[in-house]
Structures are given as structure tokens and as C-alpha cells.
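A short write-up of the structure that comes next.
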Amino acid sequence: MKQSNKSTAFPSRLSMVAVACQLVCLSMSSAYAQSTETNNDPVDSKQVTITGKKVGMGLMVQENAPKARSTITAEELAKQRPTGNAYEALELMPAVNSYNYDATGLFGGGLTLRGFNSDQIGATINGVPVNDSGSFSVYPQEFVDQENTCTQFVTQGSTDVDSPQIGATGGNFGITTCDPSKEKRFRVMQTVGGLNLSKTFLRYDTGLWSDGKSRFFISASHTQADKWKGEGGAKRDHVDIGFRTDFDKFNSINGTLLYNRAINQNISTFNLADLNSKGYYYDYATTFTGHVTPTKGKADNDANPAYADAYYQLTKNPFENIIASVTAKFRIGENTDIKILPYYWYGYGTGGNQQRLQAENAFLNPVTGKNTAAVDLNGDGDTLDKVIVANSSVTRTNRPGITASVLHNIDNHQLLAGFWYERATHEQFGPMVPVDANGNAEDIWLKNGRILRPDGTPFQSRDQKTISTAYQFFAQDTISLMNDKLSVNVGLRAPTMKRDFTNYANEGSGVSYNISRSYSELLPQLGARYQIDNNNQIFASLARNMKAPPNYVYMTSNNVKLVNGQATMPVEVKDETSYNLDVGYRLQSDRLTGQFTVYTVDFRDRQATAYDPIANFTSVTSIGKVKTKGFEIELGNTPVNGWSFYGSLGYANSEIKDDLIISKTATLPTAGKQMTLTPEWKAGLSAQYETGAWYTRMKVKYTGSQWATMTNDELVPAYTLVGFDAGYQFANTSWLKKPTIRLSISNLTNEKYRNPSSFNVTNALPYGTASAKSVFYYLGAPRFTSVTFQADF
């Protein structure tokens, strides 16, 4: 019955987009007819233009890769709200199912790509891998100021052969920052909006130095906004630095340093029962329950509300990170070039709800490995009480790496070969600090004032270190045939990941142990592109991808079992692998650019929590296959008489092939069901009119219904979001260049919608002895308006 509901949702909920697409076609036909009559009109030499004349307003470029690939440019990013993050920028692409936790983009968001979750998709910035080195998670709000981003791209079916990825079964997306300007300038941008949104962005470009080769920029921004529901907000300080030296057209060095420091408060998630009882705008508690007045010799326990009712000031997530990289390109022979890219990634921060009720007599005794040591937390002279403290998971990562490659042209072959090496030290620990009478943690970063055990060492709810050593050799031959009409790519990646995991005795696991594992695969790629004529080409690509197991499989809460004090892994976890096949057609004329792709994905050894009957153990394991097939369409035009359009349509059918055994007595009926967070239909439309100094743009995104559970027993309704953007560029003054004002309105129709917070919920209803699981949702933020003023000095 639910399947029937899902199949009928598409035509009813997509009607707005369908009608709009028909109007687009009519408008484009009319515009082209008018263009034939007016293309000889003179151009006003005083006319100013705030956006370029690229295909689809920057939502498409003319691709030439022998695989499915989509790119957006700075032209599109300039129209979006400057506080937005990387996920939001990709939202109209047909393969991308993305959403934000709020309208500003400061609180993060979620993304799936052809049925793969964000931790199965590789992510890079200027060629630097930015997936979490332990879990492969992605945090899009941390990376870069959108004002400094020049392109974002997605390769839907596979990673590029030289991409530094060990955790990408579902393709990858990348961000490229803008080089320093060749002209000296000082740019100021100020954004204000609802919810006390304010972003101040400053950027200084030196222009070309006196040597005529070098240039440099530095930018800084401060952003803050309130949450759209409940109390609290986000504050973000960001600095980007970039330089470039071009010795000649073949030899150059450029580098960037991206620094981010943010303090966000959680936006609560709720299941359907909570939503029905508490309402759409319910959030964390706005008052602290307080500490009880302690009495010596009496067990005094602080009130401990449910997780959803924690005090909002104890739901902060501070994080600080640095991404530094240098790219050097040199020509060492007439047909030979080398590229070297060293990088360094550092991160420190916490996550989750910090409110914890701690028993005074439950500290680790390092001699016995039991939580029997005691500390007087409230100063009443006994250790009988339970006291609210601040505790959460802290992660500290140091991650240096390097990619190097050589490119050599010989006859009709372009040969690429190289290697990638990285050594990431990933420390995860859980200290705790006191909370005062007003509910404020002594240090939200959990660095200062840590509560100690009787032996003087800090309390740790977990204490682990993972050293992940990754390296990869890669090679590719691009063969040009038939006077460049046919291009064939043959490539091979050989990645290896070595995990060295150490658990230090802590309050969550009282035994120290070490586990080491190594994972490697051979990942071939084959692609071809045939240029039928100047305007038409076809392409095909077949690639094998992999994802190594995340580091949390080595924890006692997952795959590790202690036998006589020794750590064992009854169930080993295999690499996830996938085979991705793309076959497509591209139209690339002066007026229209389009791409139509048909794809199929064979996803094997999917990692999830399941029961192993041989080991008699429930853990993260390889649970079977998922087959996904579908198609994607993109179409955009170069502006005609001021009109520009971009449209996209995607279809995905993602089928789980095996049932899921979760215990000795329970098997979930997942075979034949659709994969979670994979809408069957997705569509996007952007329509813009631009003339002279101003533009106005309407965009519509339709996300079809999707399943929240693997048993397909809880359906997420389809939703349609409408946005509006407009801008006006004033004439230059004696001291202002390109003064521009932009308006952004998101969720124009005030649509209420929801997205599951997890990709891996198995079942919402009970099945025999298998109990029901709760699906928690992020809710869609209401209508939001912001205005941005920009000028160069």
C-alpha cells in the first residue's frame, strides 16, 4: 500500500515543475525567434553586467570528460546567499539529494548521491581530501567562504583516477577556490537578514606584483545567526589566504590556507510521535533544571531530562580547523609535466549533546579496569551523588599528505601516473568539565577545568587513537583516435588503507588494546567519448570504487569483543565496493547545452549493523548488495534577450537485494525494498531574466518521496521548495566599483517538510522479535530573507 502511495506522489507533487518546464520551452523558442531579429542591435557602451554569459547562469558548463560530471561556477554561487554551504550549492543537480538544517547554511546539512550517503562520497578542496579520516563524514559548513569559491563539481559515477580517496564508493564532489585577482582591489560584502543574520566579508587582492608574475589575497569574515527554532545560534569566523606565481604558462606555484572557527548549537531532531505531540517549532529546553542542594551523607541526584529536553546551552558544537595546500606545476620536458600537491589538515572540536548525569562513584580504577573509583563532584563531602556535567566526544586530527603526478604526451597518448600518501592521526576522547548553577559549562571546548580521577588523570568517556596510513598508485592512458573525434581513457587506481587503532582504558571501555588492519583494492576505470560533430557527443564510463571500513568498527561498542581481557573481532568487515556504469549523450551548441545520462550501480558488501549467525555476534558487517539504476537530464541555455534557463530531472530506483539478519530470532524483510534517502524522482528549474544592471531569478527544487527505513515502513513525503533572487548593480562612483545589492528569499511558499537524520535506520515497525526503531528528522526551515551589499574599492 505504501509503495502505491509513493508511485502516485510524483505526478501530483511535480506538476509545478512540469508546467514551469513547458513555459521554459515556449519562452526559449520565443526568445530565439526574437534573437534572430534583434542580434544586430547596437550595444550600449555604458551597460554594466553583474553576471557573465555562461550556460544556464553558471549552473552548467560544457563538459568533455568520458563520464558523467556536473559543474557549477562562481556566476551561480554569486547569486546564492553568501552564508550557504557546499551542499546547498549543489541542490539543483539531478543526482544530488541535499538539504540544510537551516536557511543560512551555518548549521550543516545532509547529502546523498545516487543512493550513496555523504560518508560514501569523496570530497576535496583544491585537491585535498576533507572527508573525516575516521568515519569519512563530511561537514560542509566548515570548508571555505562561498565568496572565494570558483567552481564546485560532482562526478556522479566514479572518482577521478588521481583523486586521493579511500572512502568513496559513490563518486565525489570537489571545490576549487578562486585565484588572487590580477587587479588590485579591496572587496567589502555585508549580508543581513532574518534571525539576526549578519555576515561581514572583507577581501584584499594585491594584484600582480612588480615582477608581473605573483599575486596574493587574504580574506576574513564573521558570521552569526540565531536558530530558526528554539534558543541559541551559530557564530563563525573564517580566514582564507591564497597566493599564485606564474613563471610562464607551463610553470606555476599556488597555495591556499583556509582557517575556520565556529560555535554552533544543535538544532533538535524528533520522531513523528514527538512532532505530533510537541509541534513543528519545539526545540531544546530554554531553562536549566539546576543542581540540587547537596547534603553530606545523602544521595542527591540532579534532575536529568530526556535527551530531547536537554538545556540548549549544553548543546554547543565548537570546532576549529585548518586546510593548507600548495600546488606546484612544472614542465620538465617538451611533452612532460609534473604536479606536486603537499597538504596539511588540522581539526579540533566536539560534537553532540554535552549534558551528562555523572555518578560520583563511577570513575575508572586503572588497576581493576572497573568504574569503581569515586570523586566528590559537588563538594558535599561524600561520593553518593549524581551531578550534571558537560561531556561529549572530542576529535583532534593531524593529517599531512602529498599527491604527485607526471603527465607525458607521446604520439596520440597522454600518459598520467603518480601516487598519493597520507598519514592521519585521529584522536577521539571524552573529557568532562563542571557545569555552574546557570547551566554553563566551564569550557565548551572541554580543554580547561577537566574533572580528574582520584589518580589525577582526566575522566574519559572514550579514549582512542587511530593512525590511518593511506597511499595510492594510479595510472591512466588517454588515447586520441580518429583525429580527436574519439577519446578513450584506460585507468587504474591501487589504494591501500592501514588502520592502527589503540583504545586506552577509559570509563567507556576499561581495557587497553590495539588492533591493526589493512585494506587494499585494484580499481580499474574505462571511459570513452566520441564527438559526433561540433555540437554532439556520446560517452560511456565503467569504474570500480571502494570504501574502507570506518575506524569505529574497532570499538567495543561495535565489532570488538573482549575475551579474557583480550580484544578480538569475531566478525571482520570487508571493503565496500561498487561498479558504476554511465552511458550518456551531450548537446553542446552555441545556444543550448544538455546532458542525458543512463546509469547503473552494482553496490557490494554494504556496511551496516547486523547479526552474524556463525560468530553469534551483532556488529557492523557486510550485509549484501544494492542495485541502483536510473537516468539524469540537465539542460541549460546561453542568455537570449536576457532570458536564461536551467532544468534538471533525475530518476533513481535503488533496490536492496538481501534480507537483514539482526539476531538469532529476527530477520528484517529488506530484500526487494528501496534504499533509504533515495528519492525516486528529483527535479530542478532555474529561470532568470537579466538586462543591463539588474537580474531576477526564480528557482524550484522538487524532491520526491523517499523511504526513511530499509524495510520501507516509514515514508518521507515529497516536497517542493521555491526560491527567489534579485540583484542590481549601481553605476561606479569615484571611490566605489561595482556597488551591488542582492536579495535572496528561500522557501518562498513556506513549505513544511522533513528529512531523516540517519541513513541507516532499519525498521520503524516491529517484525517478530525485532523491535521498532525511531526515525528522527530534521525539519525544513521556514521562509527566510536576506540582503547583501557588495562593493570594490
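Here, A, B, ... name the chains of the C-alpha cells in the order displayed, residue numbers run from 1 inside each chain, and ligands are numbered from 1 in the same displayed order.
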
**OP:** Just the residues within 9 Å of Asn412 (chain A), please, counting only C-alpha atoms, with nothing from its chain fewer than 6 positions along; format it as a ChimeraX atom specification.
**Re:** /A:478-481,484

If you take only C-alpha atoms and a cut-off of 12 Å, which residues of region 555-648 of chain A touch region 455-463 of chain A, and what are their nearest atom pairs and distances in Å to one decimal, in chain and number order, as JSON lines?
{"residue": "A:Met555", "atom": "CA", "partner": "A:Arg462", "partner_atom": "CA", "distance": 9.7}
{"residue": "A:Thr556", "atom": "CA", "partner": "A:Arg462", "partner_atom": "CA", "distance": 10.6}
{"residue": "A:Ser557", "atom": "CA", "partner": "A:Arg462", "partner_atom": "CA", "distance": 10.8}

Dump of all heavy atoms for the selected residues, as a PDB file, in the first residue's frame:
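Wrote it out as result.pdb, contents follow:
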ATOM      1  N   MET A 555      35.799  -0.497  17.898  1.00  0.00           N
ATOM      2  CA  MET A 555      35.396  -0.153  19.258  1.00  0.00           C
ATOM      3  C   MET A 555      34.601  -1.296  19.875  1.00  0.00           C
ATOM      4  O   MET A 555      33.939  -2.072  19.174  1.00  0.00           O
ATOM      5  CB  MET A 555      34.551   1.122  19.240  1.00  0.00           C
ATOM      6  CG  MET A 555      35.275   2.325  18.663  1.00  0.00           C
ATOM      7  SD  MET A 555      34.193   3.787  18.608  1.00  0.00           S
ATOM      8  CE  MET A 555      35.254   4.944  17.710  1.00  0.00           C
ATOM      9  N   THR A 556      34.621  -1.380  21.211  1.00  0.00           N
ATOM     10  CA  THR A 556      33.875  -2.441  21.891  1.00  0.00           C
ATOM     11  C   THR A 556      32.371  -2.263  21.742  1.00  0.00           C
ATOM     12  O   THR A 556      31.615  -3.211  21.925  1.00  0.00           O
ATOM     13  CB  THR A 556      34.235  -2.460  23.389  1.00  0.00           C
ATOM     14  OG1 THR A 556      34.045  -1.144  23.933  1.00  0.00           O
ATOM     15  CG2 THR A 556      35.681  -2.878  23.590  1.00  0.00           C
ATOM     16  N   SER A 557      31.936  -1.052  21.401  1.00  0.00           N
ATOM     17  CA  SER A 557      30.507  -0.829  21.179  1.00  0.00           C
ATOM     18  C   SER A 557      30.063  -1.348  19.825  1.00  0.00           C
ATOM     19  O   SER A 557      28.862  -1.357  19.529  1.00  0.00           O
ATOM     20  CB  SER A 557      30.188   0.671  21.279  1.00  0.00           C
ATOM     21  OG  SER A 557      30.978   1.413  20.357  1.00  0.00           O
TER      22      SER A 557
END

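Across the model, the gap from CA of Pro782 (chain A) to CA of Leu77 (chain A) is 21.8 Å.
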
Subject >> Exercise: Val406 (chain A) partners within 9 Å, only C-alpha atoms, chain neighbours under 4 positions left out, as a PyMOL selection string >> reply: chain A and resi 336-340+415-418

File dump, residues just selected, all heavy atoms, as a PDB file, in the first residue's frame:
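Below is the file that was written, again_5.pdb:
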ATOM      1  N   THR A 336      56.434  16.803 -21.208  1.00  0.00           N
ATOM      2  CA  THR A 336      56.314  16.199 -19.880  1.00  0.00           C
ATOM      3  C   THR A 336      56.121  17.269 -18.819  1.00  0.00           C
ATOM      4  O   THR A 336      56.880  18.242 -18.750  1.00  0.00           O
ATOM      5  CB  THR A 336      57.571  15.374 -19.540  1.00  0.00           C
ATOM      6  OG1 THR A 336      57.822  14.432 -20.590  1.00  0.00           O
ATOM      7  CG2 THR A 336      57.371  14.626 -18.231  1.00  0.00           C
ATOM      8  N   ASP A 337      55.079  17.075 -18.002  1.00  0.00           N
ATOM      9  CA  ASP A 337      54.777  17.993 -16.908  1.00  0.00           C
ATOM     10  C   ASP A 337      54.639  17.203 -15.613  1.00  0.00           C
ATOM     11  O   ASP A 337      54.165  16.055 -15.620  1.00  0.00           O
ATOM     12  CB  ASP A 337      53.475  18.746 -17.175  1.00  0.00           C
ATOM     13  CG  ASP A 337      53.545  19.615 -18.412  1.00  0.00           C
ATOM     14  OD1 ASP A 337      53.970  20.766 -18.285  1.00  0.00           O
ATOM     15  OD2 ASP A 337      53.171  19.126 -19.504  1.00  0.00           O
ATOM     16  N   ILE A 338      55.023  17.844 -14.502  1.00  0.00           N
ATOM     17  CA  ILE A 338      54.822  17.222 -13.198  1.00  0.00           C
ATOM     18  C   ILE A 338      53.977  18.144 -12.322  1.00  0.00           C
ATOM     19  O   ILE A 338      53.964  19.370 -12.511  1.00  0.00           O
ATOM     20  CB  ILE A 338      56.154  16.900 -12.493  1.00  0.00           C
ATOM     21  CG1 ILE A 338      56.944  18.186 -12.231  1.00  0.00           C
ATOM     22  CG2 ILE A 338      56.959  15.894 -13.277  1.00  0.00           C
ATOM     23  CD1 ILE A 338      58.170  17.962 -11.349  1.00  0.00           C
ATOM     24  N   LYS A 339      53.250  17.535 -11.414  1.00  0.00           N
ATOM     25  CA  LYS A 339      52.449  18.290 -10.445  1.00  0.00           C
ATOM     26  C   LYS A 339      52.663  17.687  -9.070  1.00  0.00           C
ATOM     27  O   LYS A 339      52.578  16.471  -8.900  1.00  0.00           O
ATOM     28  CB  LYS A 339      50.961  18.265 -10.812  1.00  0.00           C
ATOM     29  CG  LYS A 339      50.102  19.080  -9.855  1.00  0.00           C
ATOM     30  CD  LYS A 339      48.664  19.215 -10.343  1.00  0.00           C
ATOM     31  CE  LYS A 339      47.869  17.957 -10.111  1.00  0.00           C
ATOM     32  NZ  LYS A 339      46.414  18.161 -10.370  1.00  0.00           N
ATOM     33  N   ILE A 340      52.932  18.552  -8.086  1.00  0.00           N
ATOM     34  CA  ILE A 340      53.154  18.121  -6.710  1.00  0.00           C
ATOM     35  C   ILE A 340      52.225  18.924  -5.810  1.00  0.00           C
ATOM     36  O   ILE A 340      52.177  20.156  -5.898  1.00  0.00           O
ATOM     37  CB  ILE A 340      54.620  18.328  -6.286  1.00  0.00           C
ATOM     38  CG1 ILE A 340      55.562  17.585  -7.242  1.00  0.00           C
ATOM     39  CG2 ILE A 340      54.836  17.847  -4.857  1.00  0.00           C
ATOM     40  CD1 ILE A 340      57.026  17.907  -7.009  1.00  0.00           C
ATOM     41  N   LEU A 415      49.765  10.153 -21.124  1.00  0.00           N
ATOM     42  CA  LEU A 415      50.003   9.222 -20.030  1.00  0.00           C
ATOM     43  C   LEU A 415      50.074   9.979 -18.704  1.00  0.00           C
ATOM     44  O   LEU A 415      50.815  10.969 -18.575  1.00  0.00           O
ATOM     45  CB  LEU A 415      51.298   8.453 -20.256  1.00  0.00           C
ATOM     46  CG  LEU A 415      51.405   7.698 -21.595  1.00  0.00           C
ATOM     47  CD1 LEU A 415      52.792   7.091 -21.749  1.00  0.00           C
ATOM     48  CD2 LEU A 415      50.335   6.617 -21.695  1.00  0.00           C
ATOM     49  N   LEU A 416      49.312   9.520 -17.727  1.00  0.00           N
ATOM     50  CA  LEU A 416      49.307  10.100 -16.395  1.00  0.00           C
ATOM     51  C   LEU A 416      49.650   9.013 -15.385  1.00  0.00           C
ATOM     52  O   LEU A 416      49.076   7.921 -15.427  1.00  0.00           O
ATOM     53  CB  LEU A 416      47.921  10.679 -16.068  1.00  0.00           C
ATOM     54  CG  LEU A 416      47.695  11.175 -14.640  1.00  0.00           C
ATOM     55  CD1 LEU A 416      48.529  12.415 -14.364  1.00  0.00           C
ATOM     56  CD2 LEU A 416      46.216  11.454 -14.388  1.00  0.00           C
ATOM     57  N   ALA A 417      50.591   9.302 -14.492  1.00  0.00           N
ATOM     58  CA  ALA A 417      50.951   8.347 -13.450  1.00  0.00           C
ATOM     59  C   ALA A 417      51.366   9.116 -12.203  1.00  0.00           C
ATOM     60  O   ALA A 417      51.897  10.237 -12.288  1.00  0.00           O
ATOM     61  CB  ALA A 417      52.083   7.432 -13.912  1.00  0.00           C
ATOM     62  N   GLY A 418      51.120   8.516 -11.035  1.00  0.00           N
ATOM     63  CA  GLY A 418      51.501   9.207  -9.820  1.00  0.00           C
ATOM     64  C   GLY A 418      51.142   8.419  -8.580  1.00  0.00           C
ATOM     65  O   GLY A 418      50.760   7.244  -8.643  1.00  0.00           O
TER      66      GLY A 418
END

Original post:
When distances are computed from only C-alpha atoms, which of A:Leu407, A:Leu275, A:Ala359, A:Leu592 shows the smallest separation from Val389 (chain A)?
Top reply: A:Ala359

Which polymer residues have any atom within 10 Å of an atom of Arg215 (chain A), counting only C-alpha atoms, with same-chain residues fewer than 5 positions away left out, as a PDB file with all heavy atoms, in the first residue's frame?
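New file selection-v2.pdb:
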ATOM      1  N   ASP A 179      41.640  32.014  -7.630  1.00  0.00           N
ATOM      2  CA  ASP A 179      42.989  32.565  -7.533  1.00  0.00           C
ATOM      3  C   ASP A 179      42.940  34.035  -7.133  1.00  0.00           C
ATOM      4  O   ASP A 179      41.909  34.704  -7.299  1.00  0.00           O
ATOM      5  CB  ASP A 179      43.697  32.451  -8.894  1.00  0.00           C
ATOM      6  CG  ASP A 179      44.136  31.038  -9.194  1.00  0.00           C
ATOM      7  OD1 ASP A 179      44.362  30.265  -8.246  1.00  0.00           O
ATOM      8  OD2 ASP A 179      44.238  30.698 -10.394  1.00  0.00           O
ATOM      9  N   PRO A 180      44.040  34.560  -6.621  1.00  0.00           N
ATOM     10  CA  PRO A 180      44.102  36.008  -6.399  1.00  0.00           C
ATOM     11  C   PRO A 180      43.871  36.759  -7.712  1.00  0.00           C
ATOM     12  O   PRO A 180      44.262  36.300  -8.786  1.00  0.00           O
ATOM     13  CB  PRO A 180      45.520  36.230  -5.882  1.00  0.00           C
ATOM     14  CG  PRO A 180      45.964  34.888  -5.373  1.00  0.00           C
ATOM     15  CD  PRO A 180      45.272  33.875  -6.224  1.00  0.00           C
ATOM     16  N   SER A 181      43.236  37.903  -7.607  1.00  0.00           N
ATOM     17  CA  SER A 181      42.959  38.710  -8.796  1.00  0.00           C
ATOM     18  C   SER A 181      44.244  39.327  -9.346  1.00  0.00           C
ATOM     19  O   SER A 181      45.168  39.645  -8.589  1.00  0.00           O
ATOM     20  CB  SER A 181      41.950  39.814  -8.448  1.00  0.00           C
ATOM     21  OG  SER A 181      41.802  40.700  -9.527  1.00  0.00           O
ATOM     22  N   LYS A 182      44.290  39.505 -10.655  1.00  0.00           N
ATOM     23  CA  LYS A 182      45.430  40.197 -11.272  1.00  0.00           C
ATOM     24  C   LYS A 182      45.341  41.707 -11.081  1.00  0.00           C
ATOM     25  O   LYS A 182      46.320  42.422 -11.300  1.00  0.00           O
ATOM     26  CB  LYS A 182      45.503  39.867 -12.760  1.00  0.00           C
ATOM     27  CG  LYS A 182      45.862  38.416 -13.050  1.00  0.00           C
ATOM     28  CD  LYS A 182      45.985  38.162 -14.551  1.00  0.00           C
ATOM     29  CE  LYS A 182      46.379  36.722 -14.827  1.00  0.00           C
ATOM     30  NZ  LYS A 182      46.521  36.461 -16.292  1.00  0.00           N
ATOM     31  N   GLU A 183      44.161  42.180 -10.682  1.00  0.00           N
ATOM     32  CA  GLU A 183      43.963  43.603 -10.428  1.00  0.00           C
ATOM     33  C   GLU A 183      43.883  43.865  -8.922  1.00  0.00           C
ATOM     34  O   GLU A 183      43.253  43.106  -8.189  1.00  0.00           O
ATOM     35  CB  GLU A 183      42.664  44.088 -11.091  1.00  0.00           C
ATOM     36  CG  GLU A 183      42.606  43.845 -12.595  1.00  0.00           C
ATOM     37  CD  GLU A 183      43.631  44.657 -13.351  1.00  0.00           C
ATOM     38  OE1 GLU A 183      43.959  45.775 -12.875  1.00  0.00           O
ATOM     39  OE2 GLU A 183      44.114  44.184 -14.390  1.00  0.00           O
ATOM     40  N   LYS A 184      44.507  44.924  -8.489  1.00  0.00           N
ATOM     41  CA  LYS A 184      44.458  45.281  -7.084  1.00  0.00           C
ATOM     42  C   LYS A 184      43.043  45.719  -6.717  1.00  0.00           C
ATOM     43  O   LYS A 184      42.420  46.508  -7.435  1.00  0.00           O
ATOM     44  CB  LYS A 184      45.440  46.421  -6.805  1.00  0.00           C
ATOM     45  CG  LYS A 184      45.520  46.823  -5.333  1.00  0.00           C
ATOM     46  CD  LYS A 184      46.550  47.924  -5.140  1.00  0.00           C
ATOM     47  CE  LYS A 184      46.646  48.332  -3.674  1.00  0.00           C
ATOM     48  NZ  LYS A 184      47.669  49.387  -3.465  1.00  0.00           N
ATOM     49  N   ASP A 205      43.023  41.909  -2.494  1.00  0.00           N
ATOM     50  CA  ASP A 205      43.885  41.336  -3.533  1.00  0.00           C
ATOM     51  C   ASP A 205      44.983  42.334  -3.861  1.00  0.00           C
ATOM     52  O   ASP A 205      44.705  43.517  -4.141  1.00  0.00           O
ATOM     53  CB  ASP A 205      43.077  41.028  -4.786  1.00  0.00           C
ATOM     54  CG  ASP A 205      42.140  39.849  -4.613  1.00  0.00           C
ATOM     55  OD1 ASP A 205      41.033  40.034  -4.094  1.00  0.00           O
ATOM     56  OD2 ASP A 205      42.526  38.736  -5.006  1.00  0.00           O
ATOM     57  N   THR A 206      46.220  41.857  -3.868  1.00  0.00           N
ATOM     58  CA  THR A 206      47.333  42.767  -4.161  1.00  0.00           C
ATOM     59  C   THR A 206      47.424  43.124  -5.632  1.00  0.00           C
ATOM     60  O   THR A 206      48.055  44.114  -5.998  1.00  0.00           O
ATOM     61  CB  THR A 206      48.665  42.129  -3.751  1.00  0.00           C
ATOM     62  OG1 THR A 206      48.901  40.947  -4.551  1.00  0.00           O
ATOM     63  CG2 THR A 206      48.665  41.761  -2.281  1.00  0.00           C
ATOM     64  N   GLY A 207      46.787  42.302  -6.505  1.00  0.00           N
ATOM     65  CA  GLY A 207      47.053  42.429  -7.927  1.00  0.00           C
ATOM     66  C   GLY A 207      48.441  41.885  -8.231  1.00  0.00           C
ATOM     67  O   GLY A 207      49.156  41.401  -7.344  1.00  0.00           O
ATOM     68  N   LEU A 208      48.842  41.958  -9.485  1.00  0.00           N
ATOM     69  CA  LEU A 208      50.168  41.478  -9.859  1.00  0.00           C
ATOM     70  C   LEU A 208      51.240  42.320  -9.194  1.00  0.00           C
ATOM     71  O   LEU A 208      51.169  43.554  -9.176  1.00  0.00           O
ATOM     72  CB  LEU A 208      50.338  41.513 -11.381  1.00  0.00           C
ATOM     73  CG  LEU A 208      49.639  40.404 -12.174  1.00  0.00           C
ATOM     74  CD1 LEU A 208      49.755  40.669 -13.656  1.00  0.00           C
ATOM     75  CD2 LEU A 208      50.226  39.036 -11.830  1.00  0.00           C
ATOM     76  N   TRP A 209      52.241  41.649  -8.642  1.00  0.00           N
ATOM     77  CA  TRP A 209      53.358  42.355  -8.030  1.00  0.00           C
ATOM     78  C   TRP A 209      54.242  42.956  -9.124  1.00  0.00           C
ATOM     79  O   TRP A 209      54.019  42.755 -10.323  1.00  0.00           O
ATOM     80  CB  TRP A 209      54.168  41.400  -7.158  1.00  0.00           C
ATOM     81  CG  TRP A 209      53.399  40.905  -5.969  1.00  0.00           C
ATOM     82  CD1 TRP A 209      52.112  41.198  -5.637  1.00  0.00           C
ATOM     83  CD2 TRP A 209      53.877  40.000  -4.964  1.00  0.00           C
ATOM     84  NE1 TRP A 209      51.740  40.548  -4.489  1.00  0.00           N
ATOM     85  CE2 TRP A 209      52.805  39.800  -4.049  1.00  0.00           C
ATOM     86  CE3 TRP A 209      55.066  39.339  -4.738  1.00  0.00           C
ATOM     87  CZ2 TRP A 209      52.913  38.975  -2.941  1.00  0.00           C
ATOM     88  CZ3 TRP A 209      55.199  38.517  -3.629  1.00  0.00           C
ATOM     89  CH2 TRP A 209      54.131  38.337  -2.743  1.00  0.00           C
ATOM     90  N   SER A 210      55.275  43.625  -8.707  1.00  0.00           N
ATOM     91  CA  SER A 210      56.155  44.303  -9.662  1.00  0.00           C
ATOM     92  C   SER A 210      56.867  43.331 -10.594  1.00  0.00           C
ATOM     93  O   SER A 210      57.294  43.719 -11.698  1.00  0.00           O
ATOM     94  CB  SER A 210      57.199  45.142  -8.914  1.00  0.00           C
ATOM     95  OG  SER A 210      57.964  44.318  -8.026  1.00  0.00           O
ATOM     96  N   GLY A 242      45.467  33.136  -0.070  1.00  0.00           N
ATOM     97  CA  GLY A 242      45.893  32.475  -1.291  1.00  0.00           C
ATOM     98  C   GLY A 242      46.997  33.246  -1.989  1.00  0.00           C
ATOM     99  O   GLY A 242      47.073  34.473  -1.910  1.00  0.00           O
ATOM    100  N   PHE A 243      47.874  32.526  -2.681  1.00  0.00           N
ATOM    101  CA  PHE A 243      48.909  33.164  -3.491  1.00  0.00           C
ATOM    102  C   PHE A 243      49.097  32.374  -4.784  1.00  0.00           C
ATOM    103  O   PHE A 243      48.737  31.203  -4.875  1.00  0.00           O
ATOM    104  CB  PHE A 243      50.241  33.253  -2.730  1.00  0.00           C
ATOM    105  CG  PHE A 243      50.968  31.926  -2.623  1.00  0.00           C
ATOM    106  CD1 PHE A 243      51.880  31.522  -3.598  1.00  0.00           C
ATOM    107  CD2 PHE A 243      50.736  31.082  -1.553  1.00  0.00           C
ATOM    108  CE1 PHE A 243      52.546  30.305  -3.496  1.00  0.00           C
ATOM    109  CE2 PHE A 243      51.384  29.858  -1.452  1.00  0.00           C
ATOM    110  CZ  PHE A 243      52.297  29.466  -2.423  1.00  0.00           C
ATOM    111  N   ARG A 244      49.646  33.030  -5.771  1.00  0.00           N
ATOM    112  CA  ARG A 244      49.933  32.374  -7.039  1.00  0.00           C
ATOM    113  C   ARG A 244      51.108  33.062  -7.714  1.00  0.00           C
ATOM    114  O   ARG A 244      51.167  34.295  -7.766  1.00  0.00           O
ATOM    115  CB  ARG A 244      48.723  32.377  -7.962  1.00  0.00           C
ATOM    116  CG  ARG A 244      48.957  31.625  -9.268  1.00  0.00           C
ATOM    117  CD  ARG A 244      47.741  31.564 -10.166  1.00  0.00           C
ATOM    118  NE  ARG A 244      48.024  30.744 -11.334  1.00  0.00           N
ATOM    119  CZ  ARG A 244      47.806  29.437 -11.407  1.00  0.00           C
ATOM    120  NH1 ARG A 244      47.245  28.817 -10.374  1.00  0.00           N
ATOM    121  NH2 ARG A 244      48.107  28.755 -12.493  1.00  0.00           N
ATOM    122  N   THR A 245      52.030  32.256  -8.231  1.00  0.00           N
ATOM    123  CA  THR A 245      53.136  32.757  -9.041  1.00  0.00           C
ATOM    124  C   THR A 245      53.181  31.972 -10.335  1.00  0.00           C
ATOM    125  O   THR A 245      53.293  30.739 -10.312  1.00  0.00           O
ATOM    126  CB  THR A 245      54.479  32.613  -8.304  1.00  0.00           C
ATOM    127  OG1 THR A 245      54.448  33.389  -7.106  1.00  0.00           O
ATOM    128  CG2 THR A 245      55.624  33.108  -9.179  1.00  0.00           C
ATOM    129  N   ASP A 246      53.039  32.671 -11.456  1.00  0.00           N
ATOM    130  CA  ASP A 246      53.136  32.061 -12.782  1.00  0.00           C
ATOM    131  C   ASP A 246      54.472  32.447 -13.403  1.00  0.00           C
ATOM    132  O   ASP A 246      54.664  33.588 -13.830  1.00  0.00           O
ATOM    133  CB  ASP A 246      51.978  32.536 -13.666  1.00  0.00           C
ATOM    134  CG  ASP A 246      50.646  32.004 -13.196  1.00  0.00           C
ATOM    135  OD1 ASP A 246      50.409  30.803 -13.338  1.00  0.00           O
ATOM    136  OD2 ASP A 246      49.846  32.804 -12.661  1.00  0.00           O
ATOM    137  N   ASN A 254      50.910  27.721  -6.692  1.00  0.00           N
ATOM    138  CA  ASN A 254      49.834  28.416  -5.995  1.00  0.00           C
ATOM    139  C   ASN A 254      49.463  27.653  -4.737  1.00  0.00           C
ATOM    140  O   ASN A 254      49.647  26.436  -4.656  1.00  0.00           O
ATOM    141  CB  ASN A 254      48.601  28.608  -6.895  1.00  0.00           C
ATOM    142  CG  ASN A 254      47.901  27.308  -7.200  1.00  0.00           C
ATOM    143  OD1 ASN A 254      48.391  26.493  -7.988  1.00  0.00           O
ATOM    144  ND2 ASN A 254      46.752  27.080  -6.587  1.00  0.00           N
TER     145      ASN A 254
END

**OP:** Choose the residue, out of A:Ala168, A:Val490, A:Ala708, A:Val716, that has the smallest atom-to-atom separation from Ser578 (chain A); count only C-alpha atoms.
**Re:**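 Residue with the minimum atom-to-atom distance to Ser578 (chain A): A:Ala168.
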